[in-house]
Every structure is written in structure tokens, then in C-alpha cells.
>>> print(open('target-v3.cif').read())   # mmCIF, C-alpha atoms and all ligand atoms
data_data
loop_
_atom_site.label_atom_id
_atom_site.label_comp_id
_atom_site.auth_asym_id
_atom_site.auth_seq_id
_atom_site.Cartn_x
_atom_site.Cartn_y
_atom_site.Cartn_z
CA MET A 1 107.75 116.44 18.80
CA VAL A 2 109.53 119.74 19.27
CA ASP A 3 111.82 121.57 16.83
CA LEU A 4 114.04 123.62 19.11
CA ILE A 5 116.69 124.27 16.47
CA SER A 6 114.41 126.15 14.06
CA GLN A 7 113.07 128.15 16.97
CA TYR A 8 116.61 129.02 18.04
CA GLU A 9 117.60 130.05 14.52
CA LYS A 10 114.98 132.80 14.54
CA VAL A 11 116.64 134.54 17.49
CA GLN A 12 120.11 133.12 17.00
CA ASP A 13 122.04 136.40 16.77
CA GLU A 14 120.48 137.74 19.93
CA ILE A 15 120.94 134.50 21.86
CA ASP A 16 124.53 133.96 20.75
CA LYS A 17 125.45 137.47 21.77
CA ALA A 18 123.67 137.22 25.13
CA VAL A 19 125.36 133.91 25.97
CA LEU A 20 128.80 135.20 24.98
CA ASP A 21 128.26 138.35 27.01
CA VAL A 22 127.57 136.25 30.11
CA ILE A 23 130.67 134.13 29.50
CA ARG A 24 132.79 137.24 29.07
CA SER A 25 131.27 138.86 32.16
CA SER A 26 132.12 135.81 34.31
CA ALA A 27 128.97 136.51 36.39
CA TYR A 28 127.78 132.94 35.96
CA ILE A 29 125.74 132.62 39.14
CA ASN A 30 123.23 135.19 40.37
CA GLY A 31 124.51 137.70 37.85
CA PRO A 32 122.68 140.75 36.56
CA GLU A 33 120.96 138.64 33.87
CA VAL A 34 119.19 136.64 36.56
CA ARG A 35 117.94 139.77 38.30
CA ALA A 36 116.85 141.32 34.99
CA PHE A 37 114.96 138.19 33.98
CA GLN A 38 113.33 138.02 37.38
CA LYS A 39 112.09 141.59 37.03
CA GLU A 40 110.87 141.07 33.47
CA LEU A 41 109.00 137.91 34.40
CA GLU A 42 107.41 139.71 37.38
CA ASP A 43 106.19 142.38 34.97
CA TYR A 44 104.95 139.87 32.41
CA LEU A 45 103.05 137.81 34.97
CA ASP A 46 101.99 140.84 36.99
CA VAL A 47 103.17 139.19 40.19
CA LYS A 48 105.12 140.81 43.02
CA HIS A 49 107.86 138.20 43.37
CA VAL A 50 109.58 135.77 41.04
CA ILE A 51 112.18 133.54 42.66
CA PRO A 52 114.31 131.82 40.03
CA CYS A 53 115.47 128.29 40.83
CA ALA A 54 117.09 125.27 39.22
CA ASN A 55 114.08 123.44 37.78
CA GLY A 56 110.32 123.02 38.02
CA THR A 57 110.49 120.14 40.48
CA ASP A 58 112.57 122.25 42.86
CA ALA A 59 110.09 125.10 42.45
CA LEU A 60 107.32 122.89 43.82
CA GLN A 61 109.49 121.50 46.59
CA ILE A 62 110.68 124.92 47.73
CA ALA A 63 107.10 126.20 47.62
CA MET A 64 105.95 123.40 49.92
CA MET A 65 108.91 123.95 52.24
CA GLY A 66 108.22 127.69 52.33
CA LEU A 67 104.63 127.16 53.37
CA GLY A 68 105.88 125.13 56.33
CA LEU A 69 104.03 121.93 55.43
CA GLN A 70 104.87 119.18 57.92
CA PRO A 71 105.23 115.39 57.54
CA GLY A 72 101.81 113.78 57.51
CA ASP A 73 100.01 116.87 56.19
CA GLU A 74 97.64 115.93 53.41
CA VAL A 75 98.16 117.56 50.05
CA ILE A 76 95.54 117.11 47.36
CA THR A 77 96.63 116.89 43.74
CA ALA A 78 95.49 115.48 40.41
CA ASN A 79 96.12 111.84 39.63
CA PHE A 80 96.56 112.59 35.93
CA THR A 81 99.81 114.55 35.83
CA TYR A 82 103.55 114.38 35.48
CA VAL A 83 105.18 112.59 38.41
CA ALA A 84 107.07 115.65 39.73
CA THR A 85 103.99 117.00 41.48
CA ALA A 86 103.50 113.88 43.59
CA GLU A 87 107.22 113.23 43.91
CA VAL A 88 107.99 116.34 45.95
CA ILE A 89 104.96 115.70 48.17
CA ALA A 90 106.33 112.24 48.91
CA LEU A 91 109.92 113.45 49.32
CA LEU A 92 108.86 115.92 52.00
CA GLN A 93 106.96 113.08 53.71
CA LEU A 94 103.68 114.82 53.13
CA LYS A 95 100.73 112.65 52.28
CA PRO A 96 99.66 112.86 48.64
CA VAL A 97 95.89 112.65 48.27
CA LEU A 98 95.09 111.94 44.65
CA VAL A 99 91.88 113.04 42.98
CA ASP A 100 90.34 112.46 39.59
CA VAL A 101 90.24 114.95 36.73
CA ASP A 102 87.68 116.48 34.41
CA PRO A 103 87.29 114.36 31.26
CA ASP A 104 87.15 117.42 28.98
CA THR A 105 89.92 119.69 30.25
CA PHE A 106 92.10 116.98 31.90
CA ASN A 107 92.39 119.35 34.88
CA ILE A 108 91.71 118.60 38.54
CA ASP A 109 88.03 118.02 39.33
CA VAL A 110 86.70 120.46 41.95
CA GLU A 111 83.96 118.09 43.16
CA ALA A 112 86.61 115.43 43.70
CA ILE A 113 88.73 117.89 45.70
CA LYS A 114 85.73 118.66 47.92
CA LYS A 115 85.27 114.98 48.72
CA ALA A 116 88.97 114.53 49.50
CA ILE A 117 89.25 117.30 52.11
CA THR A 118 89.78 116.05 55.67
CA PRO A 119 90.84 117.82 58.89
CA LYS A 120 94.44 116.93 57.95
CA THR A 121 94.34 118.59 54.53
CA LYS A 122 96.76 121.50 54.31
CA ALA A 123 97.12 122.28 50.63
CA ILE A 124 95.77 121.81 47.13
CA VAL A 125 98.14 121.55 44.16
CA PRO A 126 96.27 122.19 40.92
CA VAL A 127 98.30 121.31 37.83
CA HIS A 128 97.49 123.48 34.81
CA LEU A 129 97.78 120.54 32.47
CA PHE A 130 98.68 120.75 28.77
CA GLY A 131 98.36 124.54 28.69
CA GLN A 132 95.05 125.50 30.28
CA SER A 133 94.46 126.85 33.75
CA ALA A 134 92.67 124.65 36.27
CA PRO A 135 89.37 126.07 37.63
CA MET A 136 91.10 128.50 39.99
CA GLU A 137 88.08 130.50 41.12
CA GLU A 138 86.37 127.41 42.56
CA ILE A 139 89.65 126.11 43.97
CA MET A 140 90.45 129.41 45.72
CA LEU A 141 86.95 129.50 47.19
CA LEU A 142 87.29 125.96 48.55
CA ALA A 143 90.75 126.77 49.90
CA SER A 144 89.53 129.83 51.76
CA GLU A 145 86.53 127.93 53.20
CA HIS A 146 88.83 125.22 54.54
CA ASP A 147 91.89 127.37 55.25
CA LEU A 148 94.13 125.56 52.76
CA PHE A 149 97.17 126.69 50.81
CA VAL A 150 97.07 126.61 47.03
CA ILE A 151 100.28 125.76 45.17
CA GLU A 152 99.92 126.02 41.40
CA ASP A 153 101.98 123.76 39.14
CA THR A 154 102.34 126.03 36.10
CA ALA A 155 105.07 124.05 34.33
CA GLN A 156 102.78 123.50 31.31
CA ALA A 157 100.80 126.73 31.23
CA ILE A 158 103.06 129.71 31.62
CA GLY A 159 101.40 132.72 30.02
CA ALA A 160 97.85 131.34 30.21
CA ASP A 161 95.25 133.81 31.49
CA TYR A 162 92.56 132.69 33.89
CA GLU A 163 89.34 134.72 33.81
CA PHE A 164 87.26 135.09 36.98
CA SER A 165 83.47 135.41 36.83
CA ASP A 166 83.73 139.18 37.39
CA GLY A 167 85.83 139.46 34.22
CA ARG A 168 89.11 139.96 36.07
CA LYS A 169 92.05 138.15 34.49
CA GLN A 170 95.17 136.80 36.15
CA LYS A 171 98.04 134.73 34.85
CA ALA A 172 98.02 131.04 35.78
CA GLY A 173 100.51 130.50 38.59
CA THR A 174 99.91 133.86 40.28
CA ILE A 175 96.47 133.17 41.76
CA GLY A 176 97.22 130.80 44.64
CA ASN A 177 99.57 131.40 47.57
CA VAL A 178 102.44 130.32 45.39
CA GLY A 179 103.08 128.96 41.90
CA GLY A 180 105.96 127.09 40.33
CA THR A 181 107.10 126.64 36.75
CA SER A 182 109.76 124.89 34.70
CA PHE A 183 112.00 126.22 31.92
CA PHE A 184 112.90 122.74 30.67
CA PRO A 185 113.78 123.14 26.95
CA SER A 186 110.50 121.74 25.61
CA LYS A 187 108.26 123.80 27.90
CA ASN A 188 106.46 126.81 26.41
CA LEU A 189 109.13 129.09 27.87
CA GLY A 190 112.16 126.83 27.67
CA CYS A 191 115.83 127.57 28.22
CA TYR A 192 118.80 125.54 26.93
CA GLY A 193 119.25 123.43 30.02
CA ASP A 194 117.36 123.23 33.29
CA GLY A 195 115.61 126.11 34.99
CA GLY A 196 112.57 126.99 37.04
CA ALA A 197 110.87 129.74 39.01
CA ILE A 198 108.49 130.30 41.89
CA PHE A 199 105.87 133.08 41.96
CA THR A 200 104.11 134.74 44.87
CA ASN A 201 102.45 138.00 45.84
CA ASP A 202 103.23 137.42 49.52
CA ASP A 203 106.29 139.45 50.64
CA GLU A 204 107.07 137.37 53.70
CA LEU A 205 106.72 134.08 51.83
CA ALA A 206 108.91 135.43 49.01
CA HIS A 207 111.67 136.21 51.48
CA LYS A 208 111.45 132.70 52.89
CA LEU A 209 111.40 131.05 49.46
CA ARG A 210 114.46 133.01 48.37
CA SER A 211 116.27 131.94 51.50
CA ILE A 212 115.27 128.27 51.17
CA ALA A 213 116.50 128.20 47.55
CA ASN A 214 119.82 129.55 48.82
CA HIS A 215 120.83 127.12 51.60
CA GLY A 216 118.43 128.67 54.08
CA GLN A 217 120.43 131.87 54.33
CA ALA A 218 119.25 135.46 54.05
CA GLU A 219 122.69 136.76 54.90
CA ARG A 220 125.74 134.90 53.62
CA TYR A 221 126.95 132.16 56.00
CA TYR A 222 124.07 132.73 58.43
CA HIS A 223 121.65 129.85 58.02
CA ASP A 224 118.22 130.46 59.51
CA ARG A 225 116.57 127.31 58.22
CA VAL A 226 117.34 124.13 56.36
CA GLY A 227 117.36 124.97 52.70
CA VAL A 228 118.45 123.56 49.37
CA ASN A 229 120.78 124.71 46.61
CA SER A 230 118.60 125.67 43.69
CA ARG A 231 119.77 128.36 41.29
CA LEU A 232 119.05 129.52 37.76
CA ASP A 233 122.27 129.96 35.77
CA SER A 234 123.01 133.42 34.36
CA ILE A 235 123.40 131.94 30.86
CA GLN A 236 119.91 130.42 31.07
CA ALA A 237 118.50 133.69 32.40
CA ALA A 238 120.02 135.57 29.45
CA ILE A 239 118.37 133.11 27.04
CA LEU A 240 115.06 133.29 28.88
CA ARG A 241 114.99 137.09 28.70
CA ILE A 242 115.04 136.86 24.91
CA LYS A 243 112.50 134.05 24.76
CA LEU A 244 110.15 135.74 27.23
CA ARG A 245 109.70 138.54 24.70
CA GLN A 246 108.51 135.89 22.21
CA LEU A 247 106.25 134.00 24.61
CA ASP A 248 102.92 135.48 23.50
CA ASP A 249 103.91 134.94 19.91
CA TYR A 250 104.87 131.35 20.71
CA ALA A 251 101.40 130.83 22.20
CA ARG A 252 99.82 132.28 19.06
CA LEU A 253 101.81 129.89 16.84
CA ARG A 254 100.87 126.92 19.02
CA ASN A 255 97.22 127.94 18.78
CA GLN A 256 97.50 128.14 14.98
CA ALA A 257 98.73 124.55 14.88
CA ALA A 258 95.98 123.47 17.28
CA ASP A 259 93.32 125.15 15.14
CA PHE A 260 94.68 123.37 12.07
CA TYR A 261 94.46 119.99 13.83
CA ASP A 262 90.97 120.78 15.18
CA SER A 263 89.56 121.57 11.78
CA ALA A 264 91.25 118.57 10.14
CA PHE A 265 89.77 116.17 12.69
CA LYS A 266 86.40 117.76 13.28
CA ASP A 267 84.46 115.10 11.38
CA ILE A 268 86.33 112.11 12.76
CA SER A 269 84.17 110.58 15.44
CA GLN A 270 87.00 108.42 16.81
CA ILE A 271 89.06 111.48 17.74
CA LYS A 272 88.08 113.84 20.53
CA THR A 273 90.08 117.03 20.00
CA PRO A 274 91.10 119.17 23.01
CA VAL A 275 88.21 120.94 24.71
CA ARG A 276 88.79 124.64 25.44
CA PHE A 277 87.96 125.61 29.00
CA GLU A 278 85.93 128.83 28.98
CA GLN A 279 87.74 130.44 31.91
CA SER A 280 91.23 130.03 30.45
CA ASN A 281 92.89 130.64 27.15
CA HIS A 282 94.92 127.69 25.94
CA VAL A 283 98.68 127.95 25.41
CA PHE A 284 98.87 124.40 24.04
CA HIS A 285 101.82 122.91 25.77
CA GLN A 286 100.45 119.70 24.33
CA TYR A 287 97.82 118.89 21.72
CA THR A 288 96.28 115.82 23.31
CA MET A 289 93.54 113.83 21.63
CA VAL A 290 91.36 111.21 23.27
CA LEU A 291 90.90 108.21 20.99
CA ASP A 292 87.73 106.18 20.89
CA GLY A 293 87.56 102.81 19.15
CA ILE A 294 91.11 103.16 17.79
CA ASP A 295 94.00 100.91 18.77
CA ARG A 296 96.39 103.52 20.15
CA THR A 297 99.53 101.40 19.90
CA GLU A 298 98.77 100.61 16.28
CA MET A 299 98.08 104.25 15.48
CA LYS A 300 101.23 105.49 17.22
CA THR A 301 103.34 102.94 15.33
CA TYR A 302 101.69 103.87 12.03
CA LEU A 303 102.31 107.57 12.62
CA GLU A 304 105.93 106.97 13.52
CA GLU A 305 106.44 104.79 10.44
CA HIS A 306 105.22 107.73 8.39
CA GLY A 307 107.51 110.24 10.06
CA VAL A 308 105.01 111.64 12.55
CA PRO A 309 106.14 111.50 16.17
CA ALA A 310 103.39 110.97 18.73
CA MET A 311 103.64 110.71 22.50
CA ILE A 312 101.56 109.41 25.38
CA TYR A 313 101.11 111.86 28.24
CA TYR A 314 100.58 110.00 30.56
CA PRO A 315 100.39 106.23 30.14
CA VAL A 316 99.99 105.28 33.82
CA PRO A 317 98.04 107.14 36.53
CA LEU A 318 100.01 108.00 39.66
CA HIS A 319 98.12 105.56 41.88
CA LEU A 320 99.23 102.66 39.66
CA GLN A 321 102.90 103.70 39.51
CA LYS A 322 105.14 101.31 41.42
CA ALA A 323 106.73 104.01 43.55
CA TYR A 324 103.35 105.45 44.55
CA LEU A 325 101.30 102.33 45.19
CA ASP A 326 99.26 102.91 48.31
CA GLU A 327 96.80 100.72 50.12
CA ARG A 328 94.32 103.62 50.14
CA TYR A 329 93.95 103.24 46.38
CA ALA A 330 92.98 100.43 44.04
CA GLU A 331 92.49 100.03 40.34
CA GLY A 332 89.11 101.50 39.45
CA ASP A 333 89.16 104.30 42.04
CA PHE A 334 89.80 107.03 39.46
CA PRO A 335 87.48 106.25 36.55
CA VAL A 336 88.25 109.33 34.45
CA THR A 337 92.03 109.13 34.78
CA GLU A 338 91.92 105.40 34.17
CA ARG A 339 89.83 105.95 31.05
CA LEU A 340 92.18 108.68 29.77
CA CYS A 341 95.53 106.97 30.30
CA PRO A 342 94.95 104.23 27.71
CA ALA A 343 93.20 106.60 25.26
CA VAL A 344 95.29 109.79 25.04
CA LEU A 345 97.72 110.56 22.25
CA SER A 346 99.59 113.83 21.74
CA LEU A 347 100.64 115.13 18.33
CA PRO A 348 103.64 117.36 17.60
CA MET A 349 103.03 120.76 19.18
CA GLN A 350 105.52 123.57 18.93
CA THR A 351 106.15 126.95 17.39
CA GLU A 352 107.75 125.86 14.13
CA LEU A 353 105.10 123.72 12.44
CA ASP A 354 104.49 124.92 8.89
CA GLU A 355 101.49 124.15 6.73
CA GLU A 356 103.29 121.38 4.87
CA GLN A 357 104.17 119.59 8.10
CA LEU A 358 100.70 120.09 9.52
CA ASN A 359 99.19 118.70 6.32
CA HIS A 360 101.45 115.69 6.46
CA ILE A 361 100.57 115.02 10.09
CA THR A 362 96.81 115.37 9.65
CA GLU A 363 96.75 113.41 6.37
CA THR A 364 98.71 110.59 8.02
CA VAL A 365 96.20 110.48 10.89
CA LYS A 366 93.30 110.46 8.44
CA ASN A 367 94.89 107.75 6.29
CA PHE A 368 95.35 105.54 9.31
CA ILE A 369 91.71 105.91 10.26
CA LYS A 370 90.54 105.31 6.67
CA ASP A 371 92.63 102.12 6.47
CA LYS A 372 91.13 100.86 9.71
CA ALA A 373 87.51 101.74 8.90
C1 LIG A 401 107.93 119.54 33.51
C2 LIG A 401 107.01 119.48 34.67
C3 LIG A 401 107.48 119.57 35.99
C4 LIG A 401 108.93 119.51 36.36
O1 LIG A 401 109.76 120.41 35.78
P1 LIG A 401 111.35 120.09 35.71
O2 LIG A 401 111.93 121.40 35.33
O3 LIG A 401 111.54 119.03 34.69
O4 LIG A 401 111.77 119.67 37.07
C5 LIG A 401 106.55 119.60 37.00
N1 LIG A 401 105.23 119.52 36.76
C6 LIG A 401 104.74 119.41 35.50
C7 LIG A 401 103.27 119.32 35.31
C8 LIG A 401 105.61 119.37 34.42
O5 LIG A 401 105.13 119.23 33.18
#
>>> encode(input="target-v3.cif", output="C-alpha cells")
Amino acid sequence: MVDLISQYEKVQDEIDKAVLDVIRSSAYINGPEVRAFQKELEDYLDVKHVIPCANGTDALQIAMMGLGLQPGDEVITANFTYVATAEVIALLQLKPVLVDVDPDTFNIDVEAIKKAITPKTKAIVPVHLFGQSAPMEEIMLLASEHDLFVIEDTAQAIGADYEFSDGRKQKAGTIGNVGGTSFFPSKNLGCYGDGGAIFTNDDELAHKLRSIANHGQAERYYHDRVGVNSRLDSIQAAILRIKLRQLDDYARLRNQAADFYDSAFKDISQIKTPVRFEQSNHVFHQYTMVLDGIDRTEMKTYLEEHGVPAMIYYPVPLHLQKAYLDERYAEGDFPVTERLCPAVLSLPMQTELDEEQLNHITETVKNFIKDKA
């Protein structure tokens, strides 16, 4: 699905040198590379504070801890997402309140959020799924009406711009009280191991988040609160500094591949290609099609037999996952998510797809559909 080696080879000299420099400096933890990356990411995102941490899941957990959410507080999030979002809510003994998504953008449905708000609701966690921002203007409005925190899961949409109705643009992840992202290797801004970061414009919250990520200390060996140990390695920061400079170009290359797929499939009625949300540009973390009248398992097998990897994000909605079964929810409660899970299929999406590969992928898809027709 993702060719990380070819991507590496394009910046190999720079990366090799940066990694060796860190090794030779012996500043492996919290070294100057981490501070430099933090500053550069703050500038790129136009956000006051970036707090680097160990991974995207930690970013969300630390964000929720920093906001002082308490056991039993209700946190609204999308049912159609990666498990990490709901996992940290459950781990902190908060109460996940799942809502359905929009069938076109796959992002959290604002009307569904409205219906889910109760006096116990404390926060909304929009997930910017597959590379597009969730409808942040409406979400921020709802949050301010009901005095709720907004925690953005930006693991799949770093670099995406959200446009407000007055024309103002802001990067996804920097609009709510706090945002979190992941630098897992296959993410749009991926390092060569695990990594993550938290974003906020709130000085006081930033101080707290930094302390929580560092064993609850602001001063060494003085622990003001219960924290966690969540750090970004200096080697990963050095790699991320180089890749951050490529991020807009990476998004452009992903969009080129998406445009190629779109035009190849435009006349195929059984394939619904990704719908672009007007308020956000798309950074195509995934290229996810919705299939109609096609046997997905058969298609996936056919593609794989012809050298085309394809993945299912996500096969099972959260409310039907064993670990998250809850008497509040039953099969049928989330019609859109339940319609999407058996129908979505994602094609290879990355920065290194050349025309020959794209042709092979799209021709293989078309051949499968022709054979079945
Ligand atoms: C990848 C991902 C995460 C978790 O990131 P890790 O770095 O793997 O912990 C969280 N939320 C979403 C939507 C993701 O895609």
C-alpha cells in the first residue's frame, strides 16, 4: 500500500546524515532536534504550541488528561474511525458516545452530534478521516453553545486546510482546544518508528500537556500531577524535520494519484470515488472507494492476485467491536457506518506511485468489473 523505501531514497543523503549526527551527538532524548522540529511544526501549522510525544494514541490521551476530563464524562466521537480514538476515552474511564458519519466525506455528522449532547457531555472528538477536515466551523459553534471541549484527531490529515465561511483558513488540528497527530511511518508525515504530537494555542493548557507527557513534572523530580512517559526520540525528530519540508509536496503527489483514480473510475457506476468536502482540501491519507453491487471480498482477492494491494478501513464499526460492546448500542443504530463498513475499499495511496503503477491498478480494477458484468 505504501512504498516507504522509494520515498526515503529521494532524501536519503539528508536523512542518513541527520540520523548519524544525532547518534554522534548522543542527545537521544529531548535533544536540540526535538526542539527544532517542534518550532518548525509550530510555524508550519501556525499554532502557538506543539508538544511532541511518543505516538498518536498518547497524543489523544494526554490531550484528554490535560483538559481534566473525569471518569463518567461523556465524550462524543465518530463510530467510523480507527480504534485509538475510542480506546483512550475508555482507558481514562470516560464514556464514549458514538455517533454516525456523513456518507460522502466519512467524517462525523454534525446533526448526529447535536442529538448526542446531554448534560454530561464534556467534549467532542472529531476525527479528520482519510485526509479531509471534519466540519469544524459547525462543530466549534456547537461546542461553544454547549460549553464543550474540542479535541481534534488529526492523525490522518496533517497539513489539511479548513476554510471557514468568512474565507479564513486554519490547519486541521489547530482549530479546537487541542489537536493530536501521529507520525507512524505510513501517515502523511511519517517518521521511521513511532512518534506523535499535540497542538494547542492555549498557553496554560500547553504547559500542562508538556508536564503530563513528562511524568507530571514541570521541574525535574517535582511531580505536580500524575503523568505519563511519552517522548519523541531525537532521531525521529531529525527525520521529521526533513520530511516536514516535503509535506506539501507529498500532499500534491497524493492528490495526483487520487485524480488519476477519479478519472479512471468516473464512468463506473459500481464505484463511488471519494467526495471532496468543500471546506477542506484533501491530503489523501487514504483513497477510499465505496462499492455498490460488487462483492468486495472477491474484488480484493482479484486485485491482490494481480499484484494490487487493497485494504479495508474499517471493516467493523466501533459499536460492534468486542471490546466496545455496550448495551446502549445495537446493530442497526448507525445506518451510515454500518452501510460503509462492508462496502469500503482503499487502493494504494502514497507519494511514489508512477503512471505505470497507476495504470496497472486502474486497469486491474476495470478488468475485474468487466469480468463480473
Ligand atoms: C494512526 C491513528 C491514530 C494512532 O496513532 P498511533 O501513532 O498509531 O498511536 C489515532 N487516530 C487515527 C485516526 C489514526 O489513524
>>> residues_near_ligand(input="target-v3.cif", ligand="ligand LIG 401 (chain A)", cutoff="9 Å", atoms="all atoms listed in the file", output="MDAnalysis selection string")
chainID A and resid 54:60 81:85 127:130 153:157 180:187 194:196 285
>>> write_last_selection(input="target-v3.cif", atoms="C-alpha atoms", output="compact mmCIF listing (two decimals), in the frame of the given file")
# COMPACT_ATOMS: atom_id res chain seq x y z
CA ALA A 54 117.09 125.27 39.22
CA ASN A 55 114.08 123.44 37.78
CA GLY A 56 110.32 123.02 38.02
CA THR A 57 110.49 120.14 40.48
CA ASP A 58 112.57 122.25 42.86
CA ALA A 59 110.09 125.10 42.45
CA LEU A 60 107.32 122.89 43.82
CA THR A 81 99.81 114.55 35.83
CA TYR A 82 103.55 114.38 35.48
CA VAL A 83 105.18 112.59 38.41
CA ALA A 84 107.07 115.65 39.73
CA THR A 85 103.99 117.00 41.48
CA VAL A 127 98.30 121.31 37.83
CA HIS A 128 97.49 123.48 34.81
CA LEU A 129 97.78 120.54 32.47
CA PHE A 130 98.68 120.75 28.77
CA ASP A 153 101.98 123.76 39.14
CA THR A 154 102.34 126.03 36.10
CA ALA A 155 105.07 124.05 34.33
CA GLN A 156 102.78 123.50 31.31
CA ALA A 157 100.80 126.73 31.23
CA GLY A 180 105.96 127.09 40.33
CA THR A 181 107.10 126.64 36.75
CA SER A 182 109.76 124.89 34.70
CA PHE A 183 112.00 126.22 31.92
CA PHE A 184 112.90 122.74 30.67
CA PRO A 185 113.78 123.14 26.95
CA SER A 186 110.50 121.74 25.61
CA LYS A 187 108.26 123.80 27.90
CA ASP A 194 117.36 123.23 33.29
CA GLY A 195 115.61 126.11 34.99
CA GLY A 196 112.57 126.99 37.04
CA HIS A 285 101.82 122.91 25.77
>>> residues_near_point(input="target-v3.cif", point="(89.0, 125.3, 55.7)", cutoff="9 Å", atoms="only C-alpha atoms", output="VMD selection string")
chain A and resid 117 119 121 to 122 142 to 148
>>> atom_distance(input="target-v3.cif", atom1="atom CA of A:Ala258", atom2="atom CA of A:Asp3")
16.0 Å
>>> residues_near_point(input="target-v3.cif", point="(115.6, 124.0, 19.5)", cutoff="10 Å", atoms="all atoms listed in the file", output="ChimeraX atom specification")
/A:2-9,185-186,190-192,352
>>> axis_aligned_box(input="target-v3.cif", around="stretch 42-57 of chain A", padding_each_side="4 Å", output="AutoDock Vina command-line options")
--center_x 109.5 --center_y 131.3 --center_z 37.9 --size_x 23.1 --size_y 30.2 --size_z 19.0
>>> closest_residue(input="target-v3.cif", among="A:Asp43, A:Asp13, A:Glu356, A:Glu304", to="A:Met1", atoms="only C-alpha atoms")
A:Glu304
>>> closest_residue(input="target-v3.cif", among="A:Ile294, A:Leu41, A:Val97, A:Leu345", to="A:Leu318", atoms="all atoms listed in the file")
A:Val97
>>> residues_around(input="target-v3.cif", residues="stretch 271-278 of chain A", least_positions_apart="2", cutoff="8 Å", atoms="only C-alpha atoms", output="ChimeraX atom specification")
/A:104-105,132,262,265-266,268-269,280-282,287-292
>>> closest_residue(input="target-v3.cif", among="A:Leu91, A:Val226, A:Val110, A:Ala330", to="A:Pro135", atoms="only C-alpha atoms")
A:Val110
>>> closest_residue(input="target-v3.cif", among="A:Lys300, A:Ile198, A:Ile312, A:Thr337", to="A:Thr364", atoms="only C-alpha atoms")
A:Lys300
>>> atom_distance(input="target-v3.cif", atom1="atom CA of A:Leu94", atom2="atom CA of A:Asp73")
5.2 Å
>>> residues_around(input="target-v3.cif", residues="stretch 172-179 of chain A", least_positions_apart="2", cutoff="10 Å", atoms="all atoms listed in the file", output="NGL selection string")
:A and (42 or 45-50 or 59-60 or 63-64 or 66-67 or 123-128 or 131-134 or 136-137 or 139-140 or 143 or 148-163 or 169-170 or 181 or 197-202 or 205-206 or 209 or 280)
>>> write_last_selection(input="target-v3.cif", atoms="C-alpha atoms", output="PDB file, in the coordinates of the input")
ATOM      1  CA  GLU A  42     107.410 139.710  37.380  1.00  0.00           C
ATOM      2  CA  LEU A  45     103.050 137.810  34.970  1.00  0.00           C
ATOM      3  CA  ASP A  46     101.990 140.840  36.990  1.00  0.00           C
ATOM      4  CA  VAL A  47     103.170 139.190  40.190  1.00  0.00           C
ATOM      5  CA  LYS A  48     105.120 140.810  43.020  1.00  0.00           C
ATOM      6  CA  HIS A  49     107.860 138.200  43.370  1.00  0.00           C
ATOM      7  CA  VAL A  50     109.580 135.770  41.040  1.00  0.00           C
ATOM      8  CA  ALA A  59     110.090 125.100  42.450  1.00  0.00           C
ATOM      9  CA  LEU A  60     107.320 122.890  43.820  1.00  0.00           C
ATOM     10  CA  ALA A  63     107.100 126.200  47.620  1.00  0.00           C
ATOM     11  CA  MET A  64     105.950 123.400  49.920  1.00  0.00           C
ATOM     12  CA  GLY A  66     108.220 127.690  52.330  1.00  0.00           C
ATOM     13  CA  LEU A  67     104.630 127.160  53.370  1.00  0.00           C
ATOM     14  CA  ALA A 123      97.120 122.280  50.630  1.00  0.00           C
ATOM     15  CA  ILE A 124      95.770 121.810  47.130  1.00  0.00           C
ATOM     16  CA  VAL A 125      98.140 121.550  44.160  1.00  0.00           C
ATOM     17  CA  PRO A 126      96.270 122.190  40.920  1.00  0.00           C
ATOM     18  CA  VAL A 127      98.300 121.310  37.830  1.00  0.00           C
ATOM     19  CA  HIS A 128      97.490 123.480  34.810  1.00  0.00           C
ATOM     20  CA  GLY A 131      98.360 124.540  28.690  1.00  0.00           C
ATOM     21  CA  GLN A 132      95.050 125.500  30.280  1.00  0.00           C
ATOM     22  CA  SER A 133      94.460 126.850  33.750  1.00  0.00           C
ATOM     23  CA  ALA A 134      92.670 124.650  36.270  1.00  0.00           C
ATOM     24  CA  MET A 136      91.100 128.500  39.990  1.00  0.00           C
ATOM     25  CA  GLU A 137      88.080 130.500  41.120  1.00  0.00           C
ATOM     26  CA  ILE A 139      89.650 126.110  43.970  1.00  0.00           C
ATOM     27  CA  MET A 140      90.450 129.410  45.720  1.00  0.00           C
ATOM     28  CA  ALA A 143      90.750 126.770  49.900  1.00  0.00           C
ATOM     29  CA  LEU A 148      94.130 125.560  52.760  1.00  0.00           C
ATOM     30  CA  PHE A 149      97.170 126.690  50.810  1.00  0.00           C
ATOM     31  CA  VAL A 150      97.070 126.610  47.030  1.00  0.00           C
ATOM     32  CA  ILE A 151     100.280 125.760  45.170  1.00  0.00           C
ATOM     33  CA  GLU A 152      99.920 126.020  41.400  1.00  0.00           C
ATOM     34  CA  ASP A 153     101.980 123.760  39.140  1.00  0.00           C
ATOM     35  CA  THR A 154     102.340 126.030  36.100  1.00  0.00           C
ATOM     36  CA  ALA A 155     105.070 124.050  34.330  1.00  0.00           C
ATOM     37  CA  GLN A 156     102.780 123.500  31.310  1.00  0.00           C
ATOM     38  CA  ALA A 157     100.800 126.730  31.230  1.00  0.00           C
ATOM     39  CA  ILE A 158     103.060 129.710  31.620  1.00  0.00           C
ATOM     40  CA  GLY A 159     101.400 132.720  30.020  1.00  0.00           C
ATOM     41  CA  ALA A 160      97.850 131.340  30.210  1.00  0.00           C
ATOM     42  CA  ASP A 161      95.250 133.810  31.490  1.00  0.00           C
ATOM     43  CA  TYR A 162      92.560 132.690  33.890  1.00  0.00           C
ATOM     44  CA  GLU A 163      89.340 134.720  33.810  1.00  0.00           C
ATOM     45  CA  LYS A 169      92.050 138.150  34.490  1.00  0.00           C
ATOM     46  CA  GLN A 170      95.170 136.800  36.150  1.00  0.00           C
ATOM     47  CA  THR A 181     107.100 126.640  36.750  1.00  0.00           C
ATOM     48  CA  ALA A 197     110.870 129.740  39.010  1.00  0.00           C
ATOM     49  CA  ILE A 198     108.490 130.300  41.890  1.00  0.00           C
ATOM     50  CA  PHE A 199     105.870 133.080  41.960  1.00  0.00           C
ATOM     51  CA  THR A 200     104.110 134.740  44.870  1.00  0.00           C
ATOM     52  CA  ASN A 201     102.450 138.000  45.840  1.00  0.00           C
ATOM     53  CA  ASP A 202     103.230 137.420  49.520  1.00  0.00           C
ATOM     54  CA  LEU A 205     106.720 134.080  51.830  1.00  0.00           C
ATOM     55  CA  ALA A 206     108.910 135.430  49.010  1.00  0.00           C
ATOM     56  CA  LEU A 209     111.400 131.050  49.460  1.00  0.00           C
ATOM     57  CA  SER A 280      91.230 130.030  30.450  1.00  0.00           C
TER      58      SER A 280
END
>>> closest_residue(input="target-v3.cif", among="A:Glu338, A:Asp326, A:Glu14, A:Asp100", to="A:Lys243", atoms="all atoms listed in the file")
A:Glu14
>>> atom_distance(input="target-v3.cif", atom1="atom CA of A:Leu303", atom2="atom CA of A:Pro315")
17.7 Å
>>> closest_residue(input="target-v3.cif", among="A:Asp249, A:Glu355, A:Asp166, A:Glu138", to="A:Asn188", atoms="only C-alpha atoms")
A:Asp249
